[in-house]
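Trainee: Next up, model37.pdb (PDB, C-alpha atoms and all ligand atoms).
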```pdb
MODEL        1
ATOM      1  CA  MET A   1       0.000   0.000   0.000  1.00  0.00           C
ATOM      2  CA  ARG A   2       1.062   3.625  -0.289  1.00  0.00           C
ATOM      3  CA  LEU A   3       3.179   4.954   2.561  1.00  0.00           C
ATOM      4  CA  ASP A   4       0.801   7.834   3.352  1.00  0.00           C
ATOM      5  CA  LYS A   5      -2.128   5.408   3.499  1.00  0.00           C
ATOM      6  CA  PHE A   6      -0.173   3.145   5.842  1.00  0.00           C
ATOM      7  CA  LEU A   7       0.751   6.055   8.145  1.00  0.00           C
ATOM      8  CA  CYS A   8      -2.802   7.322   8.125  1.00  0.00           C
ATOM      9  CA  GLU A   9      -4.332   3.953   8.899  1.00  0.00           C
ATOM     10  CA  MET A  10      -1.868   3.503  11.740  1.00  0.00           C
ATOM     11  CA  LYS A  11      -3.232   6.779  13.110  1.00  0.00           C
ATOM     12  CA  MET A  12      -0.044   8.801  12.745  1.00  0.00           C
ATOM     13  CA  GLY A  13      -2.067  11.761  11.470  1.00  0.00           C
ATOM     14  CA  SER A  14      -4.284  12.969   8.660  1.00  0.00           C
ATOM     15  CA  ARG A  15      -3.246  12.487   5.024  1.00  0.00           C
ATOM     16  CA  SER A  16      -1.778  16.000   4.844  1.00  0.00           C
ATOM     17  CA  GLN A  17      -0.065  15.677   8.222  1.00  0.00           C
ATOM     18  CA  VAL A  18       1.643  12.397   7.359  1.00  0.00           C
ATOM     19  CA  LYS A  19       2.758  13.804   4.007  1.00  0.00           C
ATOM     20  CA  ALA A  20       4.354  16.695   5.883  1.00  0.00           C
ATOM     21  CA  PHE A  21       6.069  14.274   8.304  1.00  0.00           C
ATOM     22  CA  VAL A  22       7.531  12.426   5.330  1.00  0.00           C
ATOM     23  CA  ARG A  23       8.730  15.659   3.712  1.00  0.00           C
ATOM     24  CA  GLN A  24      10.391  16.594   7.011  1.00  0.00           C
ATOM     25  CA  GLY A  25      12.369  13.322   6.888  1.00  0.00           C
ATOM     26  CA  LEU A  26      10.725  11.840   9.979  1.00  0.00           C
ATOM     27  CA  VAL A  27       9.860   8.543   8.328  1.00  0.00           C
ATOM     28  CA  THR A  28      12.224   5.724   7.427  1.00  0.00           C
ATOM     29  CA  VAL A  29      11.546   2.576   5.475  1.00  0.00           C
ATOM     30  CA  ASN A  30      13.988  -0.235   6.190  1.00  0.00           C
ATOM     31  CA  GLY A  31      16.440   2.236   7.679  1.00  0.00           C
ATOM     32  CA  THR A  32      16.387   4.746   4.835  1.00  0.00           C
ATOM     33  CA  VAL A  33      14.801   8.173   5.136  1.00  0.00           C
ATOM     34  CA  VAL A  34      12.115   8.516   2.486  1.00  0.00           C
ATOM     35  CA  LYS A  35      10.986  11.865   1.122  1.00  0.00           C
ATOM     36  CA  SER A  36       8.011  10.803  -0.900  1.00  0.00           C
ATOM     37  CA  ALA A  37       4.748   9.720   0.733  1.00  0.00           C
ATOM     38  CA  ASP A  38       3.359   8.033  -2.349  1.00  0.00           C
ATOM     39  CA  ILE A  39       5.897   5.209  -2.505  1.00  0.00           C
ATOM     40  CA  LYS A  40       4.588   1.686  -2.074  1.00  0.00           C
ATOM     41  CA  VAL A  41       5.461  -0.197   1.102  1.00  0.00           C
ATOM     42  CA  ASN A  42       4.822  -3.731   2.195  1.00  0.00           C
ATOM     43  CA  GLU A  43       2.942  -3.336   5.454  1.00  0.00           C
ATOM     44  CA  PHE A  44       3.795  -6.868   6.557  1.00  0.00           C
ATOM     45  CA  THR A  45       7.520  -7.036   5.817  1.00  0.00           C
ATOM     46  CA  ASP A  46       8.914  -3.484   5.653  1.00  0.00           C
ATOM     47  CA  ALA A  47      10.268  -1.836   8.830  1.00  0.00           C
ATOM     48  CA  ILE A  48       8.576   1.555   8.844  1.00  0.00           C
ATOM     49  CA  CYS A  49       9.638   3.984  11.563  1.00  0.00           C
ATOM     50  CA  PHE A  50       8.363   7.371  12.638  1.00  0.00           C
ATOM     51  CA  HIS A  51      10.740   9.475  14.738  1.00  0.00           C
ATOM     52  CA  GLY A  52      12.815   6.308  15.065  1.00  0.00           C
ATOM     53  CA  ASP A  53       9.975   4.210  16.519  1.00  0.00           C
ATOM     54  CA  LYS A  54       8.844   1.194  14.556  1.00  0.00           C
ATOM     55  CA  ILE A  55       5.197   1.273  13.616  1.00  0.00           C
ATOM     56  CA  GLN A  56       3.590  -2.088  14.113  1.00  0.00           C
ATOM     57  CA  TYR A  57       1.063  -2.860  11.398  1.00  0.00           C
ATOM     58  CA  ARG A  58      -2.326  -3.914  12.687  1.00  0.00           C
ATOM     59  CA  GLN A  59      -4.252  -5.932  10.192  1.00  0.00           C
ATOM     60  CA  PHE A  60      -7.587  -5.848  11.966  1.00  0.00           C
ATOM     61  CA  VAL A  61      -9.448  -3.096  13.747  1.00  0.00           C
ATOM     62  CA  TYR A  62     -12.451  -3.424  16.028  1.00  0.00           C
ATOM     63  CA  TYR A  63     -14.699  -0.584  17.153  1.00  0.00           C
ATOM     64  CA  MET A  64     -17.669  -0.455  19.477  1.00  0.00           C
ATOM     65  CA  MET A  65     -20.023   2.327  18.465  1.00  0.00           C
ATOM     66  CA  ASN A  66     -23.061   3.769  20.163  1.00  0.00           C
ATOM     67  CA  LYS A  67     -25.134   4.068  17.019  1.00  0.00           C
ATOM     68  CA  PRO A  68     -27.293   7.187  16.965  1.00  0.00           C
ATOM     69  CA  GLN A  69     -30.743   7.398  15.398  1.00  0.00           C
ATOM     70  CA  GLY A  70     -31.038   8.406  11.741  1.00  0.00           C
ATOM     71  CA  VAL A  71     -27.827   6.720  10.602  1.00  0.00           C
ATOM     72  CA  VAL A  72     -27.841   3.563   8.502  1.00  0.00           C
ATOM     73  CA  SER A  73     -25.846   0.436   9.343  1.00  0.00           C
ATOM     74  CA  ALA A  74     -24.050   0.289   6.024  1.00  0.00           C
ATOM     75  CA  THR A  75     -20.760   1.183   4.425  1.00  0.00           C
ATOM     76  CA  GLN A  76     -22.389   3.368   1.749  1.00  0.00           C
ATOM     77  CA  ASP A  77     -25.770   4.915   1.179  1.00  0.00           C
ATOM     78  CA  ASN A  78     -27.035   7.368  -1.413  1.00  0.00           C
ATOM     79  CA  THR A  79     -29.275   9.351   0.892  1.00  0.00           C
ATOM     80  CA  ALA A  80     -28.468   8.802   4.572  1.00  0.00           C
ATOM     81  CA  GLN A  81     -25.343   9.073   6.691  1.00  0.00           C
ATOM     82  CA  THR A  82     -23.694   5.731   7.391  1.00  0.00           C
ATOM     83  CA  VAL A  83     -22.167   4.331  10.568  1.00  0.00           C
ATOM     84  CA  VAL A  84     -18.863   3.914   8.723  1.00  0.00           C
ATOM     85  CA  SER A  85     -18.781   7.622   7.877  1.00  0.00           C
ATOM     86  CA  LEU A  86     -19.047   8.371  11.605  1.00  0.00           C
ATOM     87  CA  LEU A  87     -15.588   6.841  12.013  1.00  0.00           C
ATOM     88  CA  GLY A  88     -14.199   9.897  10.237  1.00  0.00           C
ATOM     89  CA  ASN A  89     -11.419  10.326   7.719  1.00  0.00           C
ATOM     90  CA  CYS A  90      -8.378   8.158   7.384  1.00  0.00           C
ATOM     91  CA  GLN A  91     -10.187   4.965   8.126  1.00  0.00           C
ATOM     92  CA  ARG A  92      -9.529   1.719   6.384  1.00  0.00           C
ATOM     93  CA  GLU A  93     -11.721   1.169   3.396  1.00  0.00           C
ATOM     94  CA  ASP A  94     -12.606  -2.394   4.418  1.00  0.00           C
ATOM     95  CA  ILE A  95     -14.421  -1.635   7.688  1.00  0.00           C
ATOM     96  CA  PHE A  96     -18.046  -2.742   7.873  1.00  0.00           C
ATOM     97  CA  PRO A  97     -20.749  -3.029  10.539  1.00  0.00           C
ATOM     98  CA  VAL A  98     -21.228  -6.516  11.985  1.00  0.00           C
ATOM     99  CA  GLY A  99     -24.929  -6.992  11.349  1.00  0.00           C
ATOM    100  CA  ARG A 100     -27.495  -4.252  11.057  1.00  0.00           C
ATOM    101  CA  LEU A 101     -29.497  -2.089  13.360  1.00  0.00           C
ATOM    102  CA  ASP A 102     -32.483  -0.268  11.886  1.00  0.00           C
ATOM    103  CA  LYS A 103     -32.068   3.415  11.089  1.00  0.00           C
ATOM    104  CA  ASP A 104     -34.094   4.378  14.167  1.00  0.00           C
ATOM    105  CA  THR A 105     -32.416   1.839  16.494  1.00  0.00           C
ATOM    106  CA  THR A 106     -29.653   3.067  18.751  1.00  0.00           C
ATOM    107  CA  GLY A 107     -26.931   1.346  20.731  1.00  0.00           C
ATOM    108  CA  LEU A 108     -24.187  -1.169  20.451  1.00  0.00           C
ATOM    109  CA  LEU A 109     -22.785  -1.761  17.004  1.00  0.00           C
ATOM    110  CA  LEU A 110     -19.544  -3.551  16.261  1.00  0.00           C
ATOM    111  CA  LEU A 111     -17.476  -2.399  13.289  1.00  0.00           C
ATOM    112  CA  THR A 112     -14.460  -4.251  12.021  1.00  0.00           C
ATOM    113  CA  ASN A 113     -12.551  -5.405   8.957  1.00  0.00           C
ATOM    114  CA  ASP A 114     -12.218  -8.922  10.411  1.00  0.00           C
ATOM    115  CA  GLY A 115     -14.563 -11.005   8.293  1.00  0.00           C
ATOM    116  CA  GLU A 116     -13.956 -14.209  10.188  1.00  0.00           C
ATOM    117  CA  LEU A 117     -14.854 -12.714  13.551  1.00  0.00           C
ATOM    118  CA  ALA A 118     -17.936 -11.065  12.040  1.00  0.00           C
ATOM    119  CA  HIS A 119     -19.008 -14.377  10.604  1.00  0.00           C
ATOM    120  CA  ARG A 120     -18.702 -16.069  14.004  1.00  0.00           C
ATOM    121  CA  MET A 121     -20.718 -13.357  15.734  1.00  0.00           C
ATOM    122  CA  LEU A 122     -23.478 -13.475  13.113  1.00  0.00           C
ATOM    123  CA  SER A 123     -23.631 -17.187  12.397  1.00  0.00           C
ATOM    124  CA  PRO A 124     -27.197 -18.411  13.017  1.00  0.00           C
ATOM    125  CA  LYS A 125     -25.734 -21.685  14.282  1.00  0.00           C
ATOM    126  CA  ARG A 126     -23.957 -19.982  17.172  1.00  0.00           C
ATOM    127  CA  HIS A 127     -27.029 -18.326  18.709  1.00  0.00           C
ATOM    128  CA  VAL A 128     -25.114 -15.296  19.939  1.00  0.00           C
ATOM    129  CA  ASP A 129     -27.195 -13.361  22.499  1.00  0.00           C
ATOM    130  CA  LYS A 130     -28.303  -9.826  21.687  1.00  0.00           C
ATOM    131  CA  THR A 131     -30.077  -7.800  24.342  1.00  0.00           C
ATOM    132  CA  TYR A 132     -32.299  -4.866  23.487  1.00  0.00           C
ATOM    133  CA  ARG A 133     -33.811  -2.282  25.764  1.00  0.00           C
ATOM    134  CA  VAL A 134     -37.323  -1.977  24.418  1.00  0.00           C
ATOM    135  CA  VAL A 135     -39.728   0.814  25.190  1.00  0.00           C
ATOM    136  CA  ALA A 136     -43.131  -0.537  24.221  1.00  0.00           C
ATOM    137  CA  ALA A 137     -46.168   1.476  23.213  1.00  0.00           C
ATOM    138  CA  HIS A 138     -48.359  -0.180  25.863  1.00  0.00           C
ATOM    139  CA  PRO A 139     -47.627  -1.795  29.226  1.00  0.00           C
ATOM    140  CA  LEU A 140     -46.471  -5.366  28.610  1.00  0.00           C
ATOM    141  CA  THR A 141     -48.924  -7.839  30.084  1.00  0.00           C
ATOM    142  CA  GLU A 142     -47.902 -11.130  31.660  1.00  0.00           C
ATOM    143  CA  GLU A 143     -49.501 -12.909  28.727  1.00  0.00           C
ATOM    144  CA  GLU A 144     -47.428 -10.911  26.218  1.00  0.00           C
ATOM    145  CA  ILE A 145     -44.244 -11.645  28.154  1.00  0.00           C
ATOM    146  CA  PHE A 146     -45.162 -15.324  28.361  1.00  0.00           C
ATOM    147  CA  GLN A 147     -45.680 -15.442  24.582  1.00  0.00           C
ATOM    148  CA  LEU A 148     -42.355 -13.722  23.883  1.00  0.00           C
ATOM    149  CA  GLU A 149     -40.667 -16.245  26.175  1.00  0.00           C
ATOM    150  CA  GLN A 150     -42.300 -19.130  24.324  1.00  0.00           C
ATOM    151  CA  GLY A 151     -41.346 -17.916  20.834  1.00  0.00           C
ATOM    152  CA  VAL A 152     -43.850 -15.966  18.756  1.00  0.00           C
ATOM    153  CA  ASP A 153     -44.923 -16.344  15.148  1.00  0.00           C
ATOM    154  CA  ILE A 154     -43.509 -13.335  13.299  1.00  0.00           C
ATOM    155  CA  GLY A 155     -44.668 -14.415   9.863  1.00  0.00           C
ATOM    156  CA  ASP A 156     -41.597 -16.387   8.817  1.00  0.00           C
ATOM    157  CA  ASP A 157     -41.474 -20.123   8.133  1.00  0.00           C
ATOM    158  CA  GLU A 158     -40.242 -20.671  11.688  1.00  0.00           C
ATOM    159  CA  PRO A 159     -41.446 -18.832  14.805  1.00  0.00           C
ATOM    160  CA  ALA A 160     -38.931 -16.649  16.592  1.00  0.00           C
ATOM    161  CA  MET A 161     -36.904 -18.569  19.144  1.00  0.00           C
ATOM    162  CA  PRO A 162     -37.885 -18.100  22.804  1.00  0.00           C
ATOM    163  CA  ALA A 163     -36.671 -14.762  24.146  1.00  0.00           C
ATOM    164  CA  LYS A 164     -35.560 -13.822  27.648  1.00  0.00           C
ATOM    165  CA  VAL A 165     -37.529 -10.937  29.074  1.00  0.00           C
ATOM    166  CA  GLU A 166     -36.484  -8.834  32.037  1.00  0.00           C
ATOM    167  CA  VAL A 167     -39.059  -6.274  33.071  1.00  0.00           C
ATOM    168  CA  LEU A 168     -37.619  -2.881  34.031  1.00  0.00           C
ATOM    169  CA  ASP A 169     -40.842  -0.911  34.021  1.00  0.00           C
ATOM    170  CA  GLU A 170     -44.374  -1.631  32.847  1.00  0.00           C
ATOM    171  CA  ARG A 171     -43.464  -0.447  29.332  1.00  0.00           C
ATOM    172  CA  ILE A 172     -39.715  -1.102  29.381  1.00  0.00           C
ATOM    173  CA  VAL A 173     -38.068  -4.519  29.090  1.00  0.00           C
ATOM    174  CA  LEU A 174     -34.699  -6.008  28.329  1.00  0.00           C
ATOM    175  CA  LEU A 175     -35.336  -8.518  25.598  1.00  0.00           C
ATOM    176  CA  THR A 176     -32.622 -11.049  24.784  1.00  0.00           C
ATOM    177  CA  ILE A 177     -32.808 -12.892  21.488  1.00  0.00           C
ATOM    178  CA  GLN A 178     -30.421 -15.272  19.784  1.00  0.00           C
ATOM    179  CA  GLU A 179     -31.317 -14.617  16.189  1.00  0.00           C
ATOM    180  CA  GLY A 180     -30.958 -11.573  13.983  1.00  0.00           C
ATOM    181  CA  ARG A 181     -33.879 -11.594  11.619  1.00  0.00           C
ATOM    182  CA  PHE A 182     -35.000  -8.495   9.752  1.00  0.00           C
ATOM    183  CA  HIS A 183     -36.828  -6.098  12.134  1.00  0.00           C
ATOM    184  CA  GLN A 184     -37.020  -9.017  14.546  1.00  0.00           C
ATOM    185  CA  VAL A 185     -37.776  -7.217  17.805  1.00  0.00           C
ATOM    186  CA  LYS A 186     -40.336  -4.934  16.180  1.00  0.00           C
ATOM    187  CA  ARG A 187     -42.054  -7.914  14.598  1.00  0.00           C
ATOM    188  CA  MET A 188     -42.015  -9.824  17.897  1.00  0.00           C
ATOM    189  CA  LEU A 189     -43.713  -6.958  19.702  1.00  0.00           C
ATOM    190  CA  ARG A 190     -46.232  -6.642  16.884  1.00  0.00           C
ATOM    191  CA  ALA A 191     -46.937 -10.368  17.115  1.00  0.00           C
ATOM    192  CA  VAL A 192     -48.160  -9.873  20.679  1.00  0.00           C
ATOM    193  CA  ASN A 193     -50.273  -6.857  19.677  1.00  0.00           C
ATOM    194  CA  ASN A 194     -47.889  -4.301  21.100  1.00  0.00           C
ATOM    195  CA  SER A 195     -45.287  -2.196  19.311  1.00  0.00           C
ATOM    196  CA  VAL A 196     -41.845  -0.693  19.774  1.00  0.00           C
ATOM    197  CA  LEU A 197     -41.469   3.006  20.535  1.00  0.00           C
ATOM    198  CA  GLU A 198     -37.726   2.943  21.222  1.00  0.00           C
ATOM    199  CA  LEU A 199     -35.106   0.296  20.625  1.00  0.00           C
ATOM    200  CA  GLU A 200     -31.558   0.282  21.912  1.00  0.00           C
ATOM    201  CA  ARG A 201     -29.139  -2.624  21.718  1.00  0.00           C
ATOM    202  CA  VAL A 202     -27.226  -2.966  24.960  1.00  0.00           C
ATOM    203  CA  THR A 203     -25.316  -6.218  24.472  1.00  0.00           C
ATOM    204  CA  PHE A 204     -23.991  -8.234  21.554  1.00  0.00           C
ATOM    205  CA  GLY A 205     -22.447 -11.558  22.576  1.00  0.00           C
ATOM    206  CA  PRO A 206     -19.774 -10.755  25.166  1.00  0.00           C
ATOM    207  CA  LEU A 207     -19.893  -7.021  24.408  1.00  0.00           C
ATOM    208  CA  ARG A 208     -21.790  -4.576  26.582  1.00  0.00           C
ATOM    209  CA  LEU A 209     -22.507  -1.025  25.418  1.00  0.00           C
ATOM    210  CA  ASP A 210     -19.936   1.251  27.041  1.00  0.00           C
ATOM    211  CA  ALA A 211     -21.861   3.770  29.156  1.00  0.00           C
ATOM    212  CA  ASN A 212     -19.192   6.397  28.396  1.00  0.00           C
ATOM    213  CA  LEU A 213     -20.055   6.402  24.706  1.00  0.00           C
ATOM    214  CA  LYS A 214     -22.518   9.097  23.749  1.00  0.00           C
ATOM    215  CA  PRO A 215     -24.625   8.484  20.619  1.00  0.00           C
ATOM    216  CA  GLY A 216     -22.319   8.663  17.601  1.00  0.00           C
ATOM    217  CA  GLU A 217     -19.175   7.998  19.645  1.00  0.00           C
ATOM    218  CA  TYR A 218     -17.022   4.918  19.355  1.00  0.00           C
ATOM    219  CA  ARG A 219     -13.954   3.327  20.882  1.00  0.00           C
ATOM    220  CA  GLU A 220     -11.631   0.477  20.044  1.00  0.00           C
ATOM    221  CA  LEU A 221     -12.397  -2.888  21.607  1.00  0.00           C
ATOM    222  CA  THR A 222      -9.971  -3.988  24.318  1.00  0.00           C
ATOM    223  CA  SER A 223      -7.847  -7.033  23.581  1.00  0.00           C
ATOM    224  CA  GLU A 224      -9.931  -8.928  26.137  1.00  0.00           C
ATOM    225  CA  GLU A 225     -13.160  -8.045  24.323  1.00  0.00           C
ATOM    226  CA  ILE A 226     -11.639  -9.091  20.989  1.00  0.00           C
ATOM    227  CA  ALA A 227     -10.606 -12.440  22.479  1.00  0.00           C
ATOM    228  CA  GLN A 228     -14.078 -12.965  23.933  1.00  0.00           C
ATOM    229  CA  CYS A 229     -15.693 -12.244  20.555  1.00  0.00           C
ATOM    230  CA  GLY A 230     -13.308 -14.697  18.928  1.00  0.00           C
ATOM    231  CA  ASN A 231     -14.554 -17.365  21.352  1.00  0.00           C
ATOM    232  CA  CYS A 232     -18.197 -16.841  20.470  1.00  0.00           C
TER     233      CYS A 232
HETATM  234  N1  LIG A 301     -34.819  -5.791  15.869  1.00  0.00           N
HETATM  235  C1  LIG A 301     -35.415  -4.769  15.219  1.00  0.00           C
HETATM  236  O1  LIG A 301     -36.608  -4.781  14.995  1.00  0.00           O
HETATM  237  N2  LIG A 301     -34.647  -3.745  14.813  1.00  0.00           N
HETATM  238  C2  LIG A 301     -33.322  -3.661  15.051  1.00  0.00           C
HETATM  239  O2  LIG A 301     -32.679  -2.671  14.684  1.00  0.00           O
HETATM  240  C3  LIG A 301     -32.722  -4.710  15.736  1.00  0.00           C
HETATM  241  C4  LIG A 301     -33.483  -5.770  16.126  1.00  0.00           C
ENDMDL
END
```
The structure given in the file should be rewritten as structure tokens.

Mentor:
Amino acid sequence: MRLDKFLCEMKMGSRSQVKAFVRQGLVTVNGTVVKSADIKVNEFTDAICFHGDKIQYRQFVYYMMNKPQGVVSATQDNTAQTVVSLLGNCQREDIFPVGRLDKDTTGLLLLTNDGELAHRMLSPKRHVDKTYRVVAAHPLTEEEIFQLEQGVDIGDDEPAMPAKVEVLDERIVLLTIQEGRFHQVKRMLRAVNNSVLELERVTFGPLRLDANLKPGEYRELTSEEIAQCGNC
């Protein structure tokens, strides 16, 4: 890849900043000062140093985002802002959201360029738990909760798998499901003659939404969180 792209992706600065660093002779490739930021480097085998410190190439990146409302869980969209665009400039081009939240759903979204880990987290065979904080339109009755816990018919070939329901308030529950069907939670609430007013994902497998993240903010996963996701 190009040297300026490498430096940018390794978070050494913006495109223009890293170009300036190169012009100032602060960057070496295999021990030689380079003056041109558009040379090609091999990110795996070349020793690239900034101010004398070797920059370790990281192949994969993992971000936890608190998805805000009004943003689509996609890499590109013709009309709406995407979650990937919230990561800002100088991001790798191969980052994608792991699964989708609806445009009006908020909360925990994982973004990565690690296809294998994403596949594990999303695989229907693995039944990875996802917990949503649901604000319902009407108080949830015991019968409705019982039905959700049994597995409701949401109009697909198979009913939704049994959910776990933890009541927080008469209209607010934590609903844990192990599938990720299209509009699943909304369809489950509709199936019991209720509906969703607000939906926020608070957990995804081993990940728990970081309370320090305001809507639209994100942080890197810790190495422990990455390992836990890998064990899903
Ligand atoms: N279920 C839904 O209905 N919407 C989401 O965004 C996620 C789960």

Trainee: Would you mind listing, for every residue of range 180-223 of chain A within 6 Å of range 142-159 of chain A, the two atoms forming the shortest contact and the distance between them in Å to one decimal, using all atoms listed in the file, sorted by chain and ascending residue number, as JSON lines?

Mentor:
```
{"residue": "A:Arg187", "atom": "CA", "partner": "A:Ile154", "partner_atom": "CA", "distance": 5.8}
{"residue": "A:Met188", "atom": "CA", "partner": "A:Ile154", "partner_atom": "CA", "distance": 6.0}
{"residue": "A:Ala191", "atom": "CA", "partner": "A:Ile154", "partner_atom": "CA", "distance": 5.9}
{"residue": "A:Val192", "atom": "CA", "partner": "A:Glu144", "partner_atom": "CA", "distance": 5.7}
```

Trainee: Do you know which residues the PyMOL selection byres (((chain A and resi 169) around 12) and not hetatm) returns on this file, as an mmCIF file with C-alpha atoms, in the coordinates of the input?

Mentor:
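Okay, this is what ended up in result_31.cif:
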```
data_model
loop_
_atom_site.group_PDB
_atom_site.id
_atom_site.type_symbol
_atom_site.label_atom_id
_atom_site.label_comp_id
_atom_site.auth_asym_id
_atom_site.auth_seq_id
_atom_site.Cartn_x
_atom_site.Cartn_y
_atom_site.Cartn_z
ATOM 1 C CA ARG A 133 -33.811 -2.282 25.764
ATOM 2 C CA VAL A 134 -37.323 -1.977 24.418
ATOM 3 C CA VAL A 135 -39.728 0.814 25.190
ATOM 4 C CA ALA A 136 -43.131 -0.537 24.221
ATOM 5 C CA HIS A 138 -48.359 -0.180 25.863
ATOM 6 C CA PRO A 139 -47.627 -1.795 29.226
ATOM 7 C CA LEU A 140 -46.471 -5.366 28.610
ATOM 8 C CA THR A 141 -48.924 -7.839 30.084
ATOM 9 C CA VAL A 165 -37.529 -10.937 29.074
ATOM 10 C CA GLU A 166 -36.484 -8.834 32.037
ATOM 11 C CA VAL A 167 -39.059 -6.274 33.071
ATOM 12 C CA LEU A 168 -37.619 -2.881 34.031
ATOM 13 C CA GLU A 170 -44.374 -1.631 32.847
ATOM 14 C CA ARG A 171 -43.464 -0.447 29.332
ATOM 15 C CA ILE A 172 -39.715 -1.102 29.381
ATOM 16 C CA VAL A 173 -38.068 -4.519 29.090
ATOM 17 C CA LEU A 174 -34.699 -6.008 28.329
#
```

Trainee: Output the residue selection produced by the PyMOL selection byres (((chain A and resi 61) around 8) and not hetatm) on the file above, formatted as a list in words.

Mentor: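 For this structure, the PyMOL selection byres (((chain A and resi 61) around 8) and not hetatm) resolves to Arg58, Gln59, Phe60, Tyr62, Tyr63, Ile95, Thr112, Asn113, Asp114 and Glu220 of chain A.
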
Trainee: Okay, now the selection with C-alpha atoms, as a PDB file, keeping the file's coordinate frame?

Mentor:
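Ended up saving to result02.pdb:
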```
ATOM      1  CA  ARG A  58      -2.326  -3.914  12.687  1.00  0.00           C
ATOM      2  CA  GLN A  59      -4.252  -5.932  10.192  1.00  0.00           C
ATOM      3  CA  PHE A  60      -7.587  -5.848  11.966  1.00  0.00           C
ATOM      4  CA  TYR A  62     -12.451  -3.424  16.028  1.00  0.00           C
ATOM      5  CA  TYR A  63     -14.699  -0.584  17.153  1.00  0.00           C
ATOM      6  CA  ILE A  95     -14.421  -1.635   7.688  1.00  0.00           C
ATOM      7  CA  THR A 112     -14.460  -4.251  12.021  1.00  0.00           C
ATOM      8  CA  ASN A 113     -12.551  -5.405   8.957  1.00  0.00           C
ATOM      9  CA  ASP A 114     -12.218  -8.922  10.411  1.00  0.00           C
ATOM     10  CA  GLU A 220     -11.631   0.477  20.044  1.00  0.00           C
TER      11      GLU A 220
END
```

Trainee: Output the residue selection produced by the PyMOL selection byres (((not hetatm)) within 9 of (chain A and resi 301)) on the file above, formatted as an MDAnalysis selection string.

Mentor: chainID A and resid 100:106 130 132 177 180:189 196 199:201

Trainee: Just checking: using all atoms listed in the file, which residue out of A:Val72, A:Leu7, A:Met121, A:Leu109 ends up closest to Val27 in chain A?

Mentor: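 Looking only at the distances to Val27 in chain A, the closest residue turns out to be A:Leu7.
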
Trainee: One number please: CA of Gln56 in chain A to CA of Asn42 in chain A, in Å, one decimal.

Mentor: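 Computing the Euclidean distance for CA of Gln56 in chain A and CA of Asn42 in chain A yields 12.1 Å.
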
Trainee: Do you have the CA of Val41 in chain A-CA of Gln17 in chain A distance handy?

Mentor: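 According to the coordinates, CA of Val41 in chain A and CA of Gln17 in chain A are separated by 18.3 Å.
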
Trainee: To one decimal in Å, tell me the separation between CA of Asp53 in chain A and CA of Cys90 in chain A.

Mentor: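 Taking CA of Asp53 in chain A and CA of Cys90 in chain A, their separation equals 20.9 Å.
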
Trainee: For each of A:Met10, A:Lys40, A:Tyr57, A:Gly216, take the minimum atom-to-atom distance to Thr82 in chain A, counting all atoms listed in the file, then give the residue where this is smallest.

Mentor: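 For Thr82 in chain A, the nearest of the given residues is A:Gly216.
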
Trainee: For Thr28 in chain A, list every protein, DNA or RNA residue within 7 Å, evaluated using all atoms listed in the file, and leave out those in the same chain fewer than 5 positions away; present the list as a PyMOL selection string.

Mentor: chain A and resi 33-34+48-50

Trainee: Measuring between all atoms listed in the file, which one of A:Lys54, A:Arg219, A:Arg208, A:Lys214 shows the shortest distance to Asn30 in chain A?

Mentor: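 Closest residue, counting all atoms listed in the file: A:Lys54.
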
Trainee: I want to know what sits within 9 Å of Ser36 in chain A, based on all atoms listed in the file, with residues of the same chain fewer than 5 positions away left out; could you give that as a list in words?

Mentor: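 Once the adjacent positions are removed, what remains is Leu3, Asp4, Lys19, Val22 and Arg23 of chain A.
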
Trainee: Nearest residue to Phe6 in chain A out of A:Glu217, A:Asp77, A:Asp129, A:Asp38, using all atoms listed in the file?

Mentor: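 Going through A:Glu217, A:Asp77, A:Asp129, A:Asp38 one by one, the smallest distance to Phe6 in chain A is for A:Asp38.
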